[in-house]
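Next comes data_11.txt, with compact mmCIF, C-alpha atoms.
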```txt
# COMPACT_ATOMS: atom_id res chain seq x y z
CA MET A 279 110.19 56.59 38.46
CA ARG A 280 110.49 60.03 39.95
CA ASN A 281 106.70 60.25 40.34
CA LYS A 282 106.63 56.84 42.07
CA LYS A 283 109.27 58.00 44.57
CA LEU A 284 107.33 61.20 45.21
CA THR A 285 104.12 59.22 45.73
CA LEU A 286 105.90 56.86 48.12
CA PHE A 287 107.32 59.83 50.06
CA VAL A 288 103.84 61.37 50.41
CA ILE A 289 102.38 58.06 51.60
CA VAL A 290 105.11 57.67 54.24
CA LEU A 291 104.66 61.28 55.34
CA LEU A 292 100.90 60.85 55.69
CA ALA A 293 101.33 57.59 57.58
CA THR A 294 103.76 59.24 59.98
CA THR A 295 101.36 62.14 60.50
CA VAL A 296 98.46 59.80 61.23
CA ILE A 297 100.59 57.88 63.72
CA THR A 298 101.75 60.99 65.56
CA LEU A 299 98.41 62.78 65.71
CA PRO A 300 97.04 60.74 68.66
CA SER A 301 100.18 61.40 70.72
CA LEU A 302 99.99 65.10 69.84
CA ALA A 303 96.38 65.29 70.95
CA PHE A 304 97.32 63.35 74.09
CA ALA A 305 99.97 65.90 74.97
CA GLN A 306 97.60 68.82 74.43
CA LYS A 307 95.01 67.92 77.08
CA LYS A 308 94.81 70.87 79.46
CA ILE A 309 93.34 71.76 82.83
CA LYS A 310 92.75 75.49 83.05
CA ILE A 311 93.37 77.09 86.44
CA GLY A 312 92.14 80.59 87.17
CA ILE A 313 94.21 82.91 89.33
CA TYR A 314 92.61 85.95 90.92
CA ALA A 315 95.16 88.31 92.31
CA ALA A 316 95.48 92.00 93.01
CA LEU A 317 97.62 93.26 90.15
CA THR A 318 96.65 96.83 91.05
CA GLY A 319 95.71 98.58 94.29
CA PRO A 320 97.14 98.25 97.82
CA PHE A 321 97.32 94.44 97.85
CA ALA A 322 99.30 94.17 94.61
CA SER A 323 102.61 94.35 96.49
CA ALA A 324 101.94 90.82 97.77
CA GLU A 325 99.45 89.22 95.41
CA ILE A 326 101.51 89.73 92.26
CA HIS A 327 104.08 87.46 93.91
CA GLN A 328 101.36 84.93 94.75
CA ARG A 329 100.37 84.87 91.09
CA ASP A 330 104.01 84.34 90.10
CA GLY A 331 104.30 81.46 92.54
CA ALA A 332 101.18 79.79 91.15
CA MET A 333 102.54 80.06 87.61
CA LEU A 334 105.92 78.68 88.69
CA ALA A 335 104.17 75.69 90.27
CA ALA A 336 102.18 75.01 87.09
CA ASP A 337 105.42 75.02 85.07
CA TRP A 338 107.06 72.69 87.61
CA ILE A 339 104.15 70.22 87.46
CA ASN A 340 104.08 70.33 83.66
CA GLU A 341 107.82 69.66 83.47
CA LYS A 342 107.23 66.51 85.53
CA GLY A 343 104.58 65.32 83.05
CA GLY A 344 101.47 67.05 84.36
CA ILE A 345 98.54 65.31 86.06
CA THR A 346 97.43 61.77 85.25
CA ILE A 347 93.69 61.02 85.24
CA LYS A 348 92.61 57.51 84.28
CA GLY A 349 95.78 56.95 82.28
CA GLU A 350 95.61 60.28 80.43
CA LYS A 351 98.07 63.12 80.92
CA TYR A 352 96.89 66.70 81.48
CA LEU A 353 99.03 69.82 81.51
CA LEU A 354 98.13 72.85 83.59
CA GLU A 355 97.27 76.17 81.96
CA THR A 356 96.89 79.35 84.04
CA VAL A 357 94.81 82.46 83.36
CA THR A 358 94.85 85.52 85.63
CA GLU A 359 92.28 88.23 86.36
CA ASP A 360 92.95 91.35 88.44
CA ASN A 361 90.72 91.73 91.52
CA LYS A 362 91.97 95.35 91.80
CA SER A 363 92.13 95.09 95.63
CA THR A 364 88.38 95.74 95.90
CA ALA A 365 85.25 93.66 96.50
CA GLU A 366 83.72 94.93 93.23
CA GLY A 367 86.91 94.08 91.35
CA ALA A 368 86.95 90.64 92.94
CA LYS A 369 83.38 89.94 91.83
CA THR A 370 84.18 91.05 88.28
CA ALA A 371 87.38 89.00 88.15
CA SER A 372 85.53 85.92 89.38
CA GLU A 373 82.76 86.38 86.81
CA LYS A 374 85.36 86.63 84.03
CA LEU A 375 87.15 83.50 85.18
CA VAL A 376 83.96 81.47 85.58
CA ASN A 377 81.85 82.78 82.70
CA ASP A 378 84.38 83.88 80.08
CA HIS A 379 87.35 81.60 80.71
CA LYS A 380 85.13 78.68 81.83
CA VAL A 381 87.51 77.65 84.61
CA LYS A 382 86.48 75.04 87.17
CA PHE A 383 89.43 75.66 89.47
CA ILE A 384 90.57 78.97 90.96
CA VAL A 385 93.44 79.85 93.29
CA GLY A 386 94.09 83.09 95.18
CA GLY A 387 92.33 84.97 97.95
CA THR A 388 93.86 86.62 101.02
CA ILE A 389 91.49 89.41 102.11
CA THR A 390 88.21 88.75 103.90
CA TYR A 391 85.83 90.99 101.95
CA ILE A 392 87.43 89.93 98.67
CA ASN A 393 86.96 86.26 99.60
CA LEU A 394 83.27 86.93 100.26
CA ALA A 395 82.78 88.68 96.92
CA GLU A 396 84.51 85.87 95.04
CA GLY A 397 82.62 83.13 96.84
CA ALA A 398 79.30 84.66 95.81
CA VAL A 399 80.27 83.82 92.22
CA THR A 400 82.21 80.57 92.56
CA GLU A 401 79.99 78.63 94.97
CA PRO A 402 76.78 78.67 92.84
CA ALA A 403 78.91 77.67 89.84
CA LYS A 404 80.43 74.74 91.80
CA VAL A 405 83.93 75.99 91.05
CA ILE A 406 86.69 74.65 93.30
CA ARG A 407 88.32 77.65 94.97
CA LEU A 408 91.53 77.49 97.01
CA VAL A 409 92.09 80.52 99.24
CA ASN A 410 95.12 81.27 101.39
CA TYR A 411 93.55 83.24 104.17
CA VAL A 412 90.28 83.26 106.08
CA GLY A 413 89.45 85.93 108.66
CA LEU A 414 86.55 84.15 110.42
CA MET A 415 83.87 86.37 108.90
CA PRO A 416 80.38 84.83 108.51
CA GLY A 417 80.01 83.23 105.08
CA GLU A 418 83.73 83.14 104.32
CA LEU A 419 84.28 79.42 105.02
CA THR A 420 81.26 77.47 106.30
CA PRO A 421 79.25 74.31 105.55
CA GLU A 422 77.43 76.51 103.00
CA THR A 423 80.69 76.94 100.99
CA PRO A 424 81.52 73.30 100.14
CA TYR A 425 83.63 74.23 97.08
CA THR A 426 85.88 76.68 98.97
CA PHE A 427 89.03 75.36 100.65
CA LYS A 428 91.55 77.18 102.84
CA VAL A 429 95.00 75.78 102.11
CA GLY A 430 97.33 78.31 103.76
CA PRO A 431 97.73 79.28 107.42
CA SER A 432 95.70 82.31 108.51
CA VAL A 433 96.12 84.96 111.21
CA PRO A 434 93.97 83.12 113.82
CA GLU A 435 96.46 80.23 113.81
CA CYS A 436 99.40 82.61 114.31
CA ILE A 437 98.14 84.59 117.29
CA GLY A 438 98.98 81.98 119.93
CA PRO A 439 102.43 80.95 118.63
CA SER A 440 103.45 84.59 118.16
CA LEU A 441 102.48 85.48 121.72
CA ASP A 442 104.11 82.29 123.04
CA TYR A 443 107.42 83.44 121.62
CA LEU A 444 106.85 86.90 123.07
CA VAL A 445 106.53 85.64 126.66
CA GLU A 446 109.33 83.13 126.13
CA LYS A 447 111.87 85.65 124.87
CA PHE A 448 110.64 88.73 126.75
CA PRO A 449 109.29 87.49 130.10
CA LYS A 450 109.15 91.06 131.47
CA VAL A 451 106.57 92.06 128.85
CA LYS A 452 103.12 92.25 130.48
CA THR A 453 101.08 94.49 128.18
CA ILE A 454 100.40 94.66 124.45
CA ALA A 455 98.62 97.01 122.07
CA MET A 456 97.05 95.59 118.91
CA ILE A 457 96.97 97.15 115.44
CA THR A 458 94.98 95.49 112.66
CA PRO A 459 93.35 96.32 109.29
CA GLN A 460 89.82 97.70 109.34
CA ASP A 461 88.34 95.20 106.90
CA GLY A 462 85.73 93.42 108.97
CA ALA A 463 88.09 90.73 110.23
CA GLU A 464 89.04 92.93 113.21
CA ILE A 465 85.63 92.15 114.73
CA PRO A 466 86.24 88.41 115.35
CA LEU A 467 90.04 88.78 115.69
CA THR A 468 90.04 91.28 118.57
CA PRO A 469 88.44 88.93 121.14
CA LEU A 470 90.73 86.14 119.94
CA VAL A 471 93.78 88.29 120.67
CA GLU A 472 92.40 89.36 124.04
CA GLN A 473 91.71 85.76 125.09
CA ALA A 474 95.11 84.56 123.85
CA ALA A 475 96.83 87.40 125.72
CA GLN A 476 95.01 86.67 128.99
CA LYS A 477 95.89 82.98 128.70
CA ARG A 478 99.58 83.96 128.63
CA GLY A 479 99.41 86.47 131.43
CA LEU A 480 99.33 89.49 129.12
CA LYS A 481 96.94 92.42 129.11
CA LEU A 482 95.57 93.97 125.92
CA LEU A 483 95.63 97.73 126.53
CA SER A 484 94.30 99.13 123.24
CA VAL A 485 93.20 98.23 119.72
CA VAL A 486 93.72 100.44 116.67
CA ALA A 487 92.25 99.57 113.26
CA TRP A 488 93.44 101.15 110.03
CA PRO A 489 91.82 101.33 106.57
CA HIS A 490 93.70 99.50 103.82
CA ASP A 491 94.36 102.74 101.97
CA THR A 492 96.23 104.27 104.94
CA VAL A 493 99.54 105.82 103.92
CA ASP A 494 100.56 107.87 106.97
CA PHE A 495 100.78 105.59 110.03
CA TYR A 496 102.12 108.19 112.48
CA PRO A 497 98.62 109.20 113.71
CA LYS A 498 97.63 105.55 114.18
CA MET A 499 100.88 104.73 115.98
CA THR A 500 100.51 107.84 118.17
CA GLN A 501 97.06 106.60 119.17
CA LEU A 502 98.37 103.09 119.83
CA LEU A 503 101.43 104.08 121.87
CA ALA A 504 99.39 106.41 124.05
CA SER A 505 98.42 103.33 126.10
CA LYS A 506 102.17 102.74 126.79
CA PRO A 507 102.34 99.03 125.85
CA ASP A 508 105.38 96.82 126.39
CA ALA A 509 104.90 95.30 122.91
CA VAL A 510 103.14 96.34 119.71
CA PHE A 511 101.22 93.35 118.33
CA VAL A 512 100.61 93.66 114.57
CA VAL A 513 97.83 91.24 113.69
CA HIS A 514 98.10 91.56 109.92
CA ALA A 515 99.59 93.95 107.36
CA TYR A 516 101.15 93.69 103.95
CA GLU A 517 104.80 94.69 103.79
CA GLU A 518 104.34 98.27 102.58
CA ALA A 519 102.01 99.10 105.48
CA LEU A 520 104.03 97.13 108.02
CA VAL A 521 107.21 99.00 107.14
CA GLN A 522 105.48 102.30 107.83
CA MET A 523 104.23 101.00 111.19
CA VAL A 524 107.68 99.82 112.24
CA LYS A 525 109.34 103.06 111.18
CA ALA A 526 106.72 105.19 112.90
CA ALA A 527 106.94 103.23 116.17
CA ARG A 528 110.74 103.27 116.26
CA GLU A 529 111.04 106.93 115.29
CA MET A 530 108.58 107.79 118.06
CA GLY A 531 110.92 106.10 120.54
CA PHE A 532 109.30 102.69 120.96
CA LYS A 533 112.04 100.10 121.57
CA GLY A 534 109.97 97.07 122.56
CA PRO A 535 109.23 93.94 120.53
CA ILE A 536 106.98 94.08 117.45
CA PRO A 537 105.60 90.57 116.81
CA VAL A 538 103.48 90.05 113.68
CA ALA A 539 100.75 87.39 113.63
CA SER A 540 100.99 86.81 109.88
CA TYR A 541 103.48 86.04 107.12
CA GLU A 542 105.06 89.30 106.15
CA ASN A 543 108.49 89.07 104.58
CA PRO A 544 111.11 89.91 107.26
CA TYR A 545 113.75 90.56 104.61
CA ASP A 546 111.63 93.29 103.03
CA ILE A 547 111.01 94.89 106.41
CA VAL A 548 114.75 95.07 107.08
CA ASP A 549 115.44 96.41 103.57
CA MET A 550 112.78 99.12 103.76
CA ALA A 551 112.66 100.02 107.47
CA GLY A 552 116.37 99.57 108.13
CA LYS A 553 118.38 96.99 110.05
CA ASP A 554 118.69 99.27 113.07
CA LEU A 555 114.99 100.19 113.28
CA THR A 556 113.51 96.72 112.76
CA PRO A 557 114.46 94.46 115.72
CA PRO A 558 113.16 93.13 118.02
CA PHE A 559 110.74 91.84 115.40
CA TRP A 560 109.40 88.50 114.18
CA SER A 561 106.72 87.18 111.86
CA HIS A 562 105.54 83.90 110.40
CA GLY A 563 107.30 84.64 107.12
CA TRP A 564 109.92 82.28 105.81
CA SER A 565 113.67 82.02 105.54
CA HIS A 566 115.17 82.56 102.08
CA ASP A 567 118.29 80.52 102.85
CA VAL A 568 118.35 77.46 100.56
CA ASN A 569 121.06 76.00 102.81
CA ASP A 570 118.79 76.09 105.86
CA PRO A 571 118.14 72.42 106.77
CA GLN A 572 114.75 73.35 108.23
CA LEU A 573 113.39 74.37 104.82
CA THR A 574 111.52 71.75 102.79
CA SER A 575 112.85 70.65 99.41
CA GLU A 576 109.80 72.28 97.79
CA MET A 577 110.54 75.61 99.49
CA LYS A 578 114.10 75.46 98.17
CA GLU A 579 112.74 74.66 94.70
CA VAL A 580 110.47 77.72 94.79
CA ILE A 581 113.33 79.96 95.91
CA LYS A 582 115.64 78.75 93.14
CA ARG A 583 113.00 79.00 90.41
CA ALA A 584 111.82 82.45 91.50
CA GLU A 585 115.37 83.78 91.56
CA ALA A 586 116.06 82.28 88.14
CA LYS A 587 112.87 83.54 86.48
CA MET A 588 112.04 86.78 88.33
CA GLY A 589 115.48 87.72 89.61
CA LYS A 590 114.28 87.63 93.22
CA PHE A 591 112.33 85.29 95.48
CA HIS A 592 109.49 86.73 97.53
CA ASN A 593 107.76 85.06 100.49
CA TRP A 594 104.37 85.26 98.80
CA ASN A 595 105.63 83.07 95.93
CA LEU A 596 105.22 80.19 98.37
CA TRP A 597 101.50 80.79 98.85
CA GLY A 598 100.74 80.71 95.14
CA TRP A 599 102.94 77.65 94.63
CA ASN A 600 101.31 75.86 97.58
CA GLN A 601 97.81 76.33 96.18
CA VAL A 602 98.61 74.83 92.77
CA MET A 603 100.73 72.06 94.29
CA ILE A 604 97.83 71.00 96.54
CA LEU A 605 95.20 71.34 93.81
CA ALA A 606 97.19 69.04 91.51
CA GLN A 607 97.40 66.39 94.23
CA VAL A 608 93.66 66.50 94.89
CA ILE A 609 92.67 66.27 91.21
CA GLU A 610 94.97 63.30 90.72
CA LYS A 611 93.64 61.65 93.89
CA ALA A 612 90.04 62.12 92.70
CA GLN A 613 90.86 60.78 89.22
CA SER A 614 88.15 63.08 87.92
CA LEU A 615 87.53 66.60 86.67
CA ASP A 616 84.06 66.70 88.21
CA THR A 617 84.29 69.42 90.86
CA THR A 618 81.80 67.73 93.22
CA VAL A 619 83.83 64.51 93.12
CA ILE A 620 87.00 66.52 93.71
CA ALA A 621 85.51 68.46 96.64
CA ASN A 622 84.34 65.25 98.32
CA THR A 623 87.73 63.64 97.73
CA PHE A 624 89.52 66.69 99.15
CA ARG A 625 87.65 66.46 102.46
CA LYS A 626 88.54 62.79 102.87
CA MET A 627 92.29 63.02 102.27
CA ASP A 628 94.26 61.78 105.27
CA SER A 629 97.51 63.41 104.20
CA ILE A 630 98.52 66.19 101.84
CA LYS A 631 101.97 67.36 100.90
CA THR A 632 102.29 71.12 101.28
CA VAL A 633 105.18 73.39 100.39
CA PHE A 634 105.73 73.84 104.15
CA GLY A 635 105.76 70.13 105.00
CA PRO A 636 103.23 67.37 105.76
CA GLY A 637 99.61 68.46 105.98
CA LYS A 638 96.19 67.05 106.78
CA MET A 639 92.55 68.01 106.30
CA CYS A 640 90.98 69.90 109.19
CA GLY A 641 88.55 72.75 109.84
CA GLU A 642 85.60 71.03 111.48
CA LYS A 643 86.19 72.63 114.91
CA THR A 644 86.66 76.16 113.60
CA TYR A 645 84.57 76.32 110.43
CA GLY A 646 82.12 73.44 110.78
CA ILE A 647 83.43 71.80 107.62
CA LYS A 648 86.57 69.82 106.81
CA ASN A 649 87.64 72.29 104.13
CA ALA A 650 90.99 73.46 105.50
CA VAL A 651 94.53 72.15 105.20
CA CYS A 652 96.53 72.18 108.42
CA SER A 653 100.30 72.04 108.18
CA ARG A 654 102.79 74.05 110.25
CA LEU A 655 103.80 77.66 110.85
CA ALA A 656 107.27 79.11 110.55
CA LEU A 657 108.54 81.64 113.06
CA THR A 658 111.28 83.88 111.66
CA GLU A 659 113.03 86.61 113.63
CA VAL A 660 115.04 89.70 112.75
CA LEU A 661 118.06 89.74 115.04
CA PRO A 662 120.23 92.76 115.97
CA GLY A 663 122.15 93.89 112.92
CA GLY A 664 119.26 92.96 110.63
CA LYS A 665 120.07 89.25 110.28
CA VAL A 666 117.00 87.11 109.50
CA LYS A 667 116.85 83.72 111.23
CA HIS A 668 114.33 80.88 111.06
CA ILE A 669 113.54 79.99 114.68
CA LYS A 670 111.17 77.03 114.54
CA TRP A 671 108.15 75.30 113.01
CA THR A 672 104.88 75.03 114.95
CA PRO A 673 102.07 72.61 113.97
CA TYR A 674 98.47 73.82 114.15
CA ASP A 675 94.97 72.39 113.98
CA LEU A 676 91.54 73.87 113.26
```
Could you render the structure as structure tokens?
Amino acid sequence: MRNKKLTLFVIVLLATTVITLPSLAFAQKKIKIGIYAALTGPFASAEIHQRDGAMLAADWINEKGGITIKGEKYLLETVTEDNKSTAEGAKTASEKLVNDHKVKFIVGGTITYINLAEGAVTEPAKVIRLVNYVGLMPGELTPETPYTFKVGPSVPECIGPSLDYLVEKFPKVKTIAMITPQDGAEIPLTPLVEQAAQKRGLKLLSVVAWPHDTVDFYPKMTQLLASKPDAVFVVHAYEEALVQMVKAAREMGFKGPIPVASYENPYDIVDMAGKDLTPPFWSHGWSHDVNDPQLTSEMKEVIKRAEAKMGKFHNWNLWGWNQVMILAQVIEKAQSLDTTVIANTFRKMDSIKTVFGPGKMCGEKTYGIKNAVCSRLALTEVLPGGKVKHIKWTPYDL
């Protein structure tokens, strides 16, 4: 009798196992997403936070059930490689992701020469690549890069809105001096700034470019301020460099506005440069106030999750989150894992939900291919006393 009961128990156990195996296999379907980010070198101060944001977004999507393709559920799995803040490191990281990890989808990318090095690997492999930033360099985003998509706002979109606010708030300002990284992007960006300035009745007095490994910004700021500008226009700089620029300018006696045509974190600038040295200052970074009615629900979700998991939210978390959030939408819209099908679907999407609000596909006018997502730019100002305030959203097209 005992043996019969044992046999019956084994049969029931086996039957249960057989029944549950299909559901277990169903739950284990994965889509691997590669992340290339600078975990070392001068860009690590921002790109580590982008990586964290991408991983937070993958967790968020998985918690909601993942991605559905033809009735089957897929969870997202992330794998990261360090681009080491160099073109050579970017090429190596891309080769590892494509050849070793066998990924078909990659997110990351914020520096022009790194984008070019990565694209040389991903495009021939037909790997879908979502970059945040494009600096208008030849070969970065063109009809010859059909698998590369720009999903975040870049410096060219910020130049006009930043200068618009300058003339609106400081109508007596008539001259500007421009400081920008020496990474190749300064070549197309300088005439853009000059044209935008002239259109608004401003004169560009001088341009100073700095290598990404610059530590001491006093010589560069001395050179820049020699032209005696009314405003110092920072075209792009990660927080650590920007703080040094602000401190150098203020300590040398410059009291005019310092607008920034990119997304640097105004909170970090205040923390590191000081509340008395920073204003007047604004950037296209984002408010951290979850009670701000102008923030999207997704932005508030990122802030809460970052604070819970990392102890602190950073502006660049939004860029990583945005990339994965958009990629998931496109894959589900395509109902396929074929990257050519996905790329073609991406270009035809009439609307896309971004972390910053409603978006659409664009890029034909600027890049010759509809491989960019246009949404809207934030403008966030540091007020006297160091208070950070979201001013407004500005839509853009490309």
Excluding range 615-623 of chain A and its own-chain neighbours fewer than 3 positions away, which residues fall within 7 Å of it when counting all atoms listed in the file? Please give them as a ChimeraX atom specification. /A:404-406,425,608-609,612,626-627
Quick one: pull the distance between CA of Leu353 in chain A and CA of Ser653 in chain A, Å, one decimal.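 The value is 26.8 Å.
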Please provide the set of residues having any atom within 7 Å of Leu480 in chain A, restricted to all atoms listed in the file, with same-chain residues fewer than 2 positions apart removed, written as number ranges by chain. A: 452-453, 475-476, 478, 482
Taking into account all atoms listed in the file, which residue in the set A:Glu518, A:Glu418, A:Asp330, A:Asp508 is nearest to Lys533 in chain A? A:Asp508
Residue with smallest distance to Ile313 in chain A - pool A:Gln572, A:Ser484, A:Gln607, A:Thr356, counting all atoms listed in the file: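 Selected residue with least distance to Ile313 in chain A: A:Thr356.
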Within 8 Å of (105.5, 83.9, 118.5) in the file's own coordinates, which protein, DNA or RNA residues have an atom, counting all atoms listed in the file? List them as a list in words. Cys436, Ile437, Gly438, Pro439, Ser440, Leu441, Asp442, Tyr443, Leu444, Pro537, Ala539, Trp560, Ser561 and Leu657 of chain A
I'd like the interatomic distance between CA of Gly344 in chain A and CA of Leu375 in chain A, to a tenth of an Å.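 That distance, rounded to one decimal, is 21.8 Å.
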Axis-aligned box for range 308-323 of chain A, 5 Å per side, centre and edges in Å as lines of an AutoDock Vina configuration file:
```
center_x = 97.4
center_y = 84.7
center_z = 88.7
size_x = 20.5
size_y = 37.7
size_z = 28.4
```
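Counting from CA of Ala324 in chain A, the distance to CA of Glu422 in chain A is 28.9 Å.
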Long-range neighbours of Pro489 in chain A as an MDAnalysis selection string, 8 Å cut-off, only C-alpha atoms, 5 positions minimum in chain: chainID A and resid 459:461
Using all atoms listed in the file, give me every residue within 7 Å of (79.5, 75.8, 104.9) in file coordinates, as JSON, numbers by chain. {"A": [419, 420, 421, 422, 423, 424, 646, 647]}
Which residues are close to Gly531 in chain A, i.e. within 12 Å by all atoms listed in the file, leaving aside same-chain residues fewer than 2 positions away? Reply as a PyMOL selection string. chain A and resi 499-500+503+506+524-529+533-534+555
Rebuild N, CA and C atoms on range 514-529 of chain A, as a compact mmCIF listing (two decimals), in the coordinates of the input?
```txt
# COMPACT_ATOMS: atom_id res chain seq x y z
N HIS A 514 97.95 91.87 111.35
CA HIS A 514 98.10 91.56 109.92
C HIS A 514 98.39 92.85 109.18
N ALA A 515 99.29 92.78 108.20
CA ALA A 515 99.59 93.95 107.36
C ALA A 515 100.51 93.52 106.24
N TYR A 516 100.21 93.93 105.02
CA TYR A 516 101.15 93.69 103.95
C TYR A 516 102.40 94.52 104.17
N GLU A 517 103.49 94.13 103.49
CA GLU A 517 104.80 94.69 103.79
C GLU A 517 104.85 96.22 103.75
N GLU A 518 104.24 96.82 102.72
CA GLU A 518 104.34 98.27 102.58
C GLU A 518 103.74 98.99 103.78
N ALA A 519 102.62 98.50 104.30
CA ALA A 519 102.01 99.10 105.48
C ALA A 519 102.82 98.78 106.73
N LEU A 520 103.29 97.55 106.83
CA LEU A 520 104.03 97.13 108.02
C LEU A 520 105.32 97.93 108.18
N VAL A 521 105.99 98.20 107.08
CA VAL A 521 107.21 99.00 107.14
C VAL A 521 106.93 100.37 107.74
N GLN A 522 105.83 100.98 107.32
CA GLN A 522 105.48 102.30 107.83
C GLN A 522 105.15 102.24 109.33
N MET A 523 104.52 101.17 109.76
CA MET A 523 104.23 101.00 111.19
C MET A 523 105.51 100.89 112.00
N VAL A 524 106.41 100.03 111.53
CA VAL A 524 107.68 99.82 112.24
C VAL A 524 108.46 101.12 112.32
N LYS A 525 108.58 101.80 111.20
CA LYS A 525 109.34 103.06 111.18
C LYS A 525 108.72 104.10 112.11
N ALA A 526 107.40 104.22 112.06
CA ALA A 526 106.72 105.19 112.90
C ALA A 526 106.94 104.89 114.37
N ALA A 527 106.77 103.62 114.75
CA ALA A 527 106.94 103.23 116.17
C ALA A 527 108.36 103.50 116.65
N ARG A 528 109.34 103.10 115.85
CA ARG A 528 110.74 103.27 116.26
C ARG A 528 111.12 104.75 116.31
N GLU A 529 110.70 105.51 115.32
CA GLU A 529 111.04 106.93 115.29
C GLU A 529 110.35 107.72 116.39
```
